[in-house]
$ cat coords.pdb   # PDB, C-alpha atoms
ATOM      1  CA  MET A 775    -109.879  64.868-141.035
ATOM      2  CA  LYS A 776    -109.181  61.143-140.633
ATOM      3  CA  GLN A 777    -105.496  61.857-140.144
ATOM      4  CA  LYS A 778    -106.280  64.375-137.401
ATOM      5  CA  LEU A 779    -108.599  61.898-135.713
ATOM      6  CA  PHE A 780    -105.948  59.178-135.890
ATOM      7  CA  LYS A 781    -103.334  61.524-134.405
ATOM      8  CA  LEU A 782    -105.719  62.536-131.620
ATOM      9  CA  VAL A 783    -106.575  58.920-130.751
ATOM     10  CA  ALA A 784    -102.884  57.947-130.852
ATOM     11  CA  LEU A 785    -102.004  60.879-128.585
ATOM     12  CA  ALA A 786    -104.770  60.003-126.142
ATOM     13  CA  ALA A 787    -103.676  56.351-126.135
ATOM     14  CA  ALA A 788    -100.085  57.398-125.488
ATOM     15  CA  TYR A 789    -101.154  59.548-122.547
ATOM     16  CA  SER A 790    -103.473  56.892-121.091
ATOM     17  CA  ALA A 791    -101.017  53.998-121.537
ATOM     18  CA  PRO A 792     -99.157  54.693-118.259
ATOM     19  CA  LEU A 793    -102.466  54.729-116.393
ATOM     20  CA  ILE A 794    -103.420  51.359-117.797
ATOM     21  CA  ALA A 795     -99.951  49.914-117.315
ATOM     22  CA  ALA A 796     -99.717  51.143-113.739
ATOM     23  CA  ALA A 797    -103.108  49.762-112.774
ATOM     24  CA  GLN A 798    -102.759  47.262-110.004
ATOM     25  CA  ILE A 799    -104.961  44.223-109.933
ATOM     26  CA  GLN A 800    -105.663  43.243-106.389
ATOM     27  CA  GLN A 801    -105.262  39.613-105.450
ATOM     28  CA  ILE A 802    -108.504  38.289-104.004
ATOM     29  CA  GLY A 803    -108.475  35.222-101.801
ATOM     30  CA  SER A 804    -105.667  32.701-102.044
ATOM     31  CA  ASP A 805    -105.463  32.530-105.834
ATOM     32  CA  SER A 806    -102.499  33.847-107.730
ATOM     33  CA  GLY A 807    -104.446  34.671-110.896
ATOM     34  CA  ILE A 808    -106.210  37.822-111.981
ATOM     35  CA  ILE A 809    -109.704  36.404-111.649
ATOM     36  CA  PRO A 810    -110.440  34.622-108.382
ATOM     37  CA  THR A 811    -111.648  31.040-108.616
ATOM     38  CA  GLY A 812    -111.700  30.018-104.970
ATOM     39  CA  SER A 813    -109.213  27.779-103.215
ATOM     40  CA  VAL A 814    -108.783  24.131-104.149
ATOM     41  CA  GLY A 815    -111.449  21.948-102.589
ATOM     42  CA  SER A 816    -113.682  24.793-101.434
ATOM     43  CA  ALA A 817    -117.237  25.383-102.558
ATOM     44  CA  TYR A 818    -117.821  28.198-105.005
ATOM     45  CA  THR A 819    -120.192  30.522-103.168
ATOM     46  CA  PHE A 820    -122.202  33.536-104.202
ATOM     47  CA  GLY A 821    -119.596  35.747-102.524
ATOM     48  CA  ASN A 822    -116.955  34.246-104.797
ATOM     49  CA  LEU A 823    -119.217  34.963-107.757
ATOM     50  CA  LEU A 824    -119.499  38.598-106.673
ATOM     51  CA  ASN A 825    -115.731  38.818-106.261
ATOM     52  CA  THR A 826    -115.227  37.353-109.742
ATOM     53  CA  GLY A 827    -117.685  39.819-111.257
ATOM     54  CA  ASN A 828    -116.087  42.670-109.381
ATOM     55  CA  ALA A 829    -112.615  41.630-110.577
ATOM     56  CA  LEU A 830    -113.872  41.641-114.162
ATOM     57  CA  LEU A 831    -115.451  45.040-113.529
ATOM     58  CA  ASN A 832    -112.140  46.385-112.202
ATOM     59  CA  ILE A 833    -110.350  45.181-115.332
ATOM     60  CA  THR A 834    -112.847  46.661-117.767
ATOM     61  CA  ALA A 835    -113.380  49.851-115.754
ATOM     62  CA  SER A 836    -109.930  51.189-116.566
ATOM     63  CA  LEU A 837    -110.512  50.672-120.294
ATOM     64  CA  ILE A 838    -113.983  52.208-120.269
ATOM     65  CA  VAL A 839    -112.875  55.202-118.206
ATOM     66  CA  ALA A 840    -109.905  55.757-120.541
ATOM     67  CA  LEU A 841    -112.211  55.660-123.572
ATOM     68  CA  SER A 842    -114.658  58.003-121.855
ATOM     69  CA  VAL A 843    -111.880  60.481-121.123
ATOM     70  CA  ILE A 844    -110.808  60.278-124.769
ATOM     71  CA  PHE A 845    -114.403  61.023-125.801
ATOM     72  CA  ILE A 846    -114.531  64.012-123.455
ATOM     73  CA  ILE A 847    -111.182  65.393-124.659
ATOM     74  CA  TYR A 848    -112.088  64.894-128.314
ATOM     75  CA  GLY A 849    -115.496  66.484-127.713
ATOM     76  CA  GLY A 850    -113.849  69.489-126.080
ATOM     77  CA  PHE A 851    -111.363  69.778-128.941
ATOM     78  CA  THR A 852    -114.195  69.594-131.495
ATOM     79  CA  PHE A 853    -116.199  72.133-129.503
ATOM     80  CA  ILE A 854    -113.301  74.593-129.437
ATOM     81  CA  THR A 855    -112.496  74.191-133.138
ATOM     82  CA  SER A 856    -116.118  74.168-134.346
ATOM     83  CA  GLY A 857    -116.000  77.819-135.334
ATOM     84  CA  GLY A 858    -119.683  78.298-134.503
ATOM     85  CA  ASP A 859    -120.881  75.540-136.849
ATOM     86  CA  GLU A 860    -124.053  74.268-135.186
ATOM     87  CA  THR A 861    -123.659  70.641-136.318
ATOM     88  CA  LYS A 862    -120.095  70.425-134.982
ATOM     89  CA  VAL A 863    -121.161  72.019-131.704
ATOM     90  CA  THR A 864    -123.961  69.460-131.355
ATOM     91  CA  GLU A 865    -121.590  66.569-132.158
ATOM     92  CA  ALA A 866    -119.057  67.854-129.633
ATOM     93  CA  ARG A 867    -121.706  68.272-126.944
ATOM     94  CA  ASN A 868    -122.959  64.729-127.566
ATOM     95  CA  ARG A 869    -119.426  63.297-127.319
ATOM     96  CA  ILE A 870    -118.878  65.015-123.990
ATOM     97  CA  ILE A 871    -122.243  63.791-122.692
ATOM     98  CA  TYR A 872    -121.511  60.218-123.833
ATOM     99  CA  GLY A 873    -118.142  60.298-122.079
ATOM    100  CA  VAL A 874    -119.699  61.460-118.822
ATOM    101  CA  ILE A 875    -122.433  58.812-119.138
ATOM    102  CA  GLY A 876    -119.769  56.119-119.624
ATOM    103  CA  ILE A 877    -117.981  57.144-116.427
ATOM    104  CA  ALA A 878    -121.297  57.298-114.539
ATOM    105  CA  ILE A 879    -122.234  53.782-115.683
ATOM    106  CA  ILE A 880    -118.925  52.365-114.416
ATOM    107  CA  ILE A 881    -119.342  54.107-111.057
ATOM    108  CA  LEU A 882    -122.897  52.777-110.741
ATOM    109  CA  ALA A 883    -121.787  49.249-111.665
ATOM    110  CA  GLY A 884    -119.199  49.323-108.885
ATOM    111  CA  LEU A 885    -121.782  50.629-106.433
ATOM    112  CA  ILE A 886    -124.207  47.852-107.401
ATOM    113  CA  PHE A 887    -121.585  45.166-106.696
ATOM    114  CA  THR A 888    -120.749  46.763-103.347
ATOM    115  CA  PHE A 889    -124.423  47.182-102.447
ATOM    116  CA  VAL A 890    -125.342  43.581-103.290
ATOM    117  CA  GLY A 891    -122.307  42.358-101.366
ATOM    118  CA  SER A 892    -123.260  44.399 -98.302
ATOM    119  CA  ILE A 893    -126.850  43.145 -98.401
ATOM    120  CA  LEU A 894    -125.665  39.519 -98.563
ATOM    121  CA  ASN A 895    -122.925  40.135 -95.959
ATOM    122  CA  THR A 896    -120.169  39.034 -98.297
ATOM    123  CA  SER A 897    -116.896  40.865 -98.663
ATOM    124  CA  THR A 898    -116.215  42.254-102.117
ATOM    125  CA  THR A 899    -113.436  44.530-103.200
ATOM    126  CA  THR A 900    -114.575  47.836-104.628
ATOM    127  CA  LEU A 901    -113.282  50.000-107.436
ATOM    128  CA  ALA A 902    -111.921  52.487-104.912
ATOM    129  CA  GLN A 903    -109.417  50.049-103.397
TER     130      GLN A 903
END

$ encode --input "coords.pdb" --output "C-alpha cells"
Amino acid sequence: MKQKLFKLVALAAAYSAPLIAAAQIQQIGSDSGIIPTGSVGSAYTFGNLLNTGNALLNITASLIVALSVIFIIYGGFTFITSGGDETKVTEARNRIIYGVIGIAIIILAGLIFTFVGSILNTSTTTLAQ
C-alpha cells in the first residue's frame, strides 16, 4: 500500500511539475525580485504591504492548488478501487472534499486581497493575472 501511495504521489508530482515550473511570477513595481519591497527611498505604504502579501499568496497558491488536485485525484482513485468497502469510500469522499476546500480557500484568499485593495483604492495584482 505504501509503495502504491509513493508511486501515485511521484506520478502526480511529475505531472504537476511543468505547471509549477511554467508559473510566471509577475514583477510588481520597479523591483527585480520576486517579492516587492518598494523602490529605494520611497515610503512603504499599505498598498505595498498588500502587494507583498498578494505576491506571497501567488507563490503559495500554485503549491496548494497542486496538492489539492493530488488529493482529489487520489480520492477518486481510492473511490474507484474501494470495491464497496464503506471505510474506503468514506476516506475517498473526505479526500475529495478536502481538496475542493483547499482550492476554495485559495480562491477566497485572492478575493480578500483584491477586495481590500479595491476598498482602499490601491492597485494589487490578482491571482487571475

$ resolve_selection --input "coords.pdb" --expression "the PyMOL selection byres ((chain A and resi 873) around 6)" --output "list in words"
Ser842, Phe845, Ile846, Ile870, Ile871, Tyr872, Val874, Ile875 and Gly876 of chain A

$ atom_distance --input "coords.pdb" --atom1 "CA of Asn822 (chain A)" --atom2 "CA of Ile886 (chain A)"
15.6 Å

$ atom_distance --input "coords.pdb" --atom1 "CA of Thr864 (chain A)" --atom2 "CA of Ala883 (chain A)"
28.3 Å

$ atom_distance --input "coords.pdb" --atom1 "CA of Ala878 (chain A)" --atom2 "CA of Ala866 (chain A)"
18.6 Å

$ closest_residue --input "coords.pdb" --among "A:Gly850, A:Ser856, A:Arg869, A:Ile880" --to "Ile838 (chain A)" --atoms "all atoms listed in the file"
A:Ile880

$ closest_residue --input "coords.pdb" --among "A:Leu894, A:Leu841, A:Ala835, A:Ile854" --to "Ile881 (chain A)" --atoms "only C-alpha atoms"
A:Ala835

$ closest_residue --input "coords.pdb" --among "A:Gly891, A:Gly884, A:Gly849, A:Thr855" --to "Leu831 (chain A)" --atoms "all atoms listed in the file"
A:Gly884

$ build_atoms --input "coords.pdb" --residues "region 883-894 of chain A" --atoms "all heavy atoms" --output "PDB file, keeping the file's coordinate frame"
ATOM      1  N   ALA A 883    -122.023  50.698-111.665  1.00  0.00           N
ATOM      2  CA  ALA A 883    -121.787  49.249-111.665  1.00  0.00           C
ATOM      3  C   ALA A 883    -120.987  48.837-110.436  1.00  0.00           C
ATOM      4  O   ALA A 883    -121.288  47.827-109.790  1.00  0.00           O
ATOM      5  CB  ALA A 883    -121.074  48.828-112.944  1.00  0.00           C
ATOM      6  N   GLY A 884    -119.972  49.613-110.091  1.00  0.00           N
ATOM      7  CA  GLY A 884    -119.199  49.323-108.885  1.00  0.00           C
ATOM      8  C   GLY A 884    -120.036  49.457-107.623  1.00  0.00           C
ATOM      9  O   GLY A 884    -119.919  48.646-106.694  1.00  0.00           O
ATOM     10  N   LEU A 885    -120.905  50.460-107.591  1.00  0.00           N
ATOM     11  CA  LEU A 885    -121.782  50.629-106.433  1.00  0.00           C
ATOM     12  C   LEU A 885    -122.778  49.486-106.313  1.00  0.00           C
ATOM     13  O   LEU A 885    -123.108  49.064-105.201  1.00  0.00           O
ATOM     14  CB  LEU A 885    -122.521  51.966-106.522  1.00  0.00           C
ATOM     15  CG  LEU A 885    -121.661  53.216-106.324  1.00  0.00           C
ATOM     16  CD1 LEU A 885    -122.485  54.469-106.552  1.00  0.00           C
ATOM     17  CD2 LEU A 885    -121.056  53.224-104.939  1.00  0.00           C
ATOM     18  N   ILE A 886    -123.267  48.970-107.439  1.00  0.00           N
ATOM     19  CA  ILE A 886    -124.207  47.852-107.401  1.00  0.00           C
ATOM     20  C   ILE A 886    -123.528  46.619-106.819  1.00  0.00           C
ATOM     21  O   ILE A 886    -124.108  45.924-105.970  1.00  0.00           O
ATOM     22  CB  ILE A 886    -124.776  47.576-108.812  1.00  0.00           C
ATOM     23  CG1 ILE A 886    -125.753  48.691-109.207  1.00  0.00           C
ATOM     24  CG2 ILE A 886    -125.468  46.216-108.875  1.00  0.00           C
ATOM     25  CD1 ILE A 886    -126.197  48.642-110.631  1.00  0.00           C
ATOM     26  N   PHE A 887    -122.304  46.316-107.250  1.00  0.00           N
ATOM     27  CA  PHE A 887    -121.585  45.166-106.696  1.00  0.00           C
ATOM     28  C   PHE A 887    -121.363  45.335-105.198  1.00  0.00           C
ATOM     29  O   PHE A 887    -121.537  44.391-104.423  1.00  0.00           O
ATOM     30  CB  PHE A 887    -120.249  44.965-107.409  1.00  0.00           C
ATOM     31  CG  PHE A 887    -120.350  44.095-108.616  1.00  0.00           C
ATOM     32  CD1 PHE A 887    -120.367  44.658-109.883  1.00  0.00           C
ATOM     33  CD2 PHE A 887    -120.432  42.729-108.486  1.00  0.00           C
ATOM     34  CE1 PHE A 887    -120.463  43.857-111.003  1.00  0.00           C
ATOM     35  CE2 PHE A 887    -120.522  41.919-109.604  1.00  0.00           C
ATOM     36  CZ  PHE A 887    -120.539  42.485-110.856  1.00  0.00           C
ATOM     37  N   THR A 888    -120.982  46.513-104.767  1.00  0.00           N
ATOM     38  CA  THR A 888    -120.749  46.763-103.347  1.00  0.00           C
ATOM     39  C   THR A 888    -122.044  46.661-102.561  1.00  0.00           C
ATOM     40  O   THR A 888    -122.087  46.080-101.473  1.00  0.00           O
ATOM     41  CB  THR A 888    -120.109  48.149-103.146  1.00  0.00           C
ATOM     42  OG1 THR A 888    -118.922  48.225-103.925  1.00  0.00           O
ATOM     43  CG2 THR A 888    -119.782  48.401-101.694  1.00  0.00           C
ATOM     44  N   PHE A 889    -123.126  47.200-103.117  1.00  0.00           N
ATOM     45  CA  PHE A 889    -124.423  47.182-102.447  1.00  0.00           C
ATOM     46  C   PHE A 889    -124.944  45.753-102.300  1.00  0.00           C
ATOM     47  O   PHE A 889    -125.387  45.356-101.219  1.00  0.00           O
ATOM     48  CB  PHE A 889    -125.419  48.040-103.235  1.00  0.00           C
ATOM     49  CG  PHE A 889    -126.790  48.105-102.634  1.00  0.00           C
ATOM     50  CD1 PHE A 889    -127.000  48.763-101.439  1.00  0.00           C
ATOM     51  CD2 PHE A 889    -127.862  47.494-103.257  1.00  0.00           C
ATOM     52  CE1 PHE A 889    -128.270  48.819-100.882  1.00  0.00           C
ATOM     53  CE2 PHE A 889    -129.126  47.542-102.711  1.00  0.00           C
ATOM     54  CZ  PHE A 889    -129.319  48.209-101.513  1.00  0.00           C
ATOM     55  N   VAL A 890    -124.880  44.972-103.361  1.00  0.00           N
ATOM     56  CA  VAL A 890    -125.342  43.581-103.290  1.00  0.00           C
ATOM     57  C   VAL A 890    -124.488  42.793-102.308  1.00  0.00           C
ATOM     58  O   VAL A 890    -125.003  41.992-101.521  1.00  0.00           O
ATOM     59  CB  VAL A 890    -125.327  42.926-104.696  1.00  0.00           C
ATOM     60  CG1 VAL A 890    -125.557  41.428-104.609  1.00  0.00           C
ATOM     61  CG2 VAL A 890    -126.376  43.569-105.584  1.00  0.00           C
ATOM     62  N   GLY A 891    -123.190  43.034-102.321  1.00  0.00           N
ATOM     63  CA  GLY A 891    -122.307  42.358-101.366  1.00  0.00           C
ATOM     64  C   GLY A 891    -122.609  42.727 -99.926  1.00  0.00           C
ATOM     65  O   GLY A 891    -122.553  41.885 -99.034  1.00  0.00           O
ATOM     66  N   SER A 892    -122.953  43.997 -99.677  1.00  0.00           N
ATOM     67  CA  SER A 892    -123.260  44.399 -98.302  1.00  0.00           C
ATOM     68  C   SER A 892    -124.611  43.854 -97.853  1.00  0.00           C
ATOM     69  O   SER A 892    -124.784  43.537 -96.676  1.00  0.00           O
ATOM     70  CB  SER A 892    -123.237  45.920 -98.181  1.00  0.00           C
ATOM     71  OG  SER A 892    -124.310  46.486 -98.918  1.00  0.00           O
ATOM     72  N   ILE A 893    -125.559  43.721 -98.762  1.00  0.00           N
ATOM     73  CA  ILE A 893    -126.850  43.145 -98.401  1.00  0.00           C
ATOM     74  C   ILE A 893    -126.683  41.669 -98.032  1.00  0.00           C
ATOM     75  O   ILE A 893    -127.273  41.174 -97.082  1.00  0.00           O
ATOM     76  CB  ILE A 893    -127.861  43.287 -99.568  1.00  0.00           C
ATOM     77  CG1 ILE A 893    -128.312  44.733 -99.670  1.00  0.00           C
ATOM     78  CG2 ILE A 893    -129.065  42.392 -99.364  1.00  0.00           C
ATOM     79  CD1 ILE A 893    -129.219  45.000-100.828  1.00  0.00           C
ATOM     80  N   LEU A 894    -125.861  40.952 -98.783  1.00  0.00           N
ATOM     81  CA  LEU A 894    -125.665  39.519 -98.563  1.00  0.00           C
ATOM     82  C   LEU A 894    -124.562  39.226 -97.549  1.00  0.00           C
ATOM     83  O   LEU A 894    -124.217  38.069 -97.342  1.00  0.00           O
ATOM     84  CB  LEU A 894    -125.380  38.831 -99.880  1.00  0.00           C
ATOM     85  CG  LEU A 894    -126.488  38.965-100.926  1.00  0.00           C
ATOM     86  CD1 LEU A 894    -126.040  38.378-102.249  1.00  0.00           C
ATOM     87  CD2 LEU A 894    -127.755  38.293-100.435  1.00  0.00           C
TER      88      LEU A 894
END
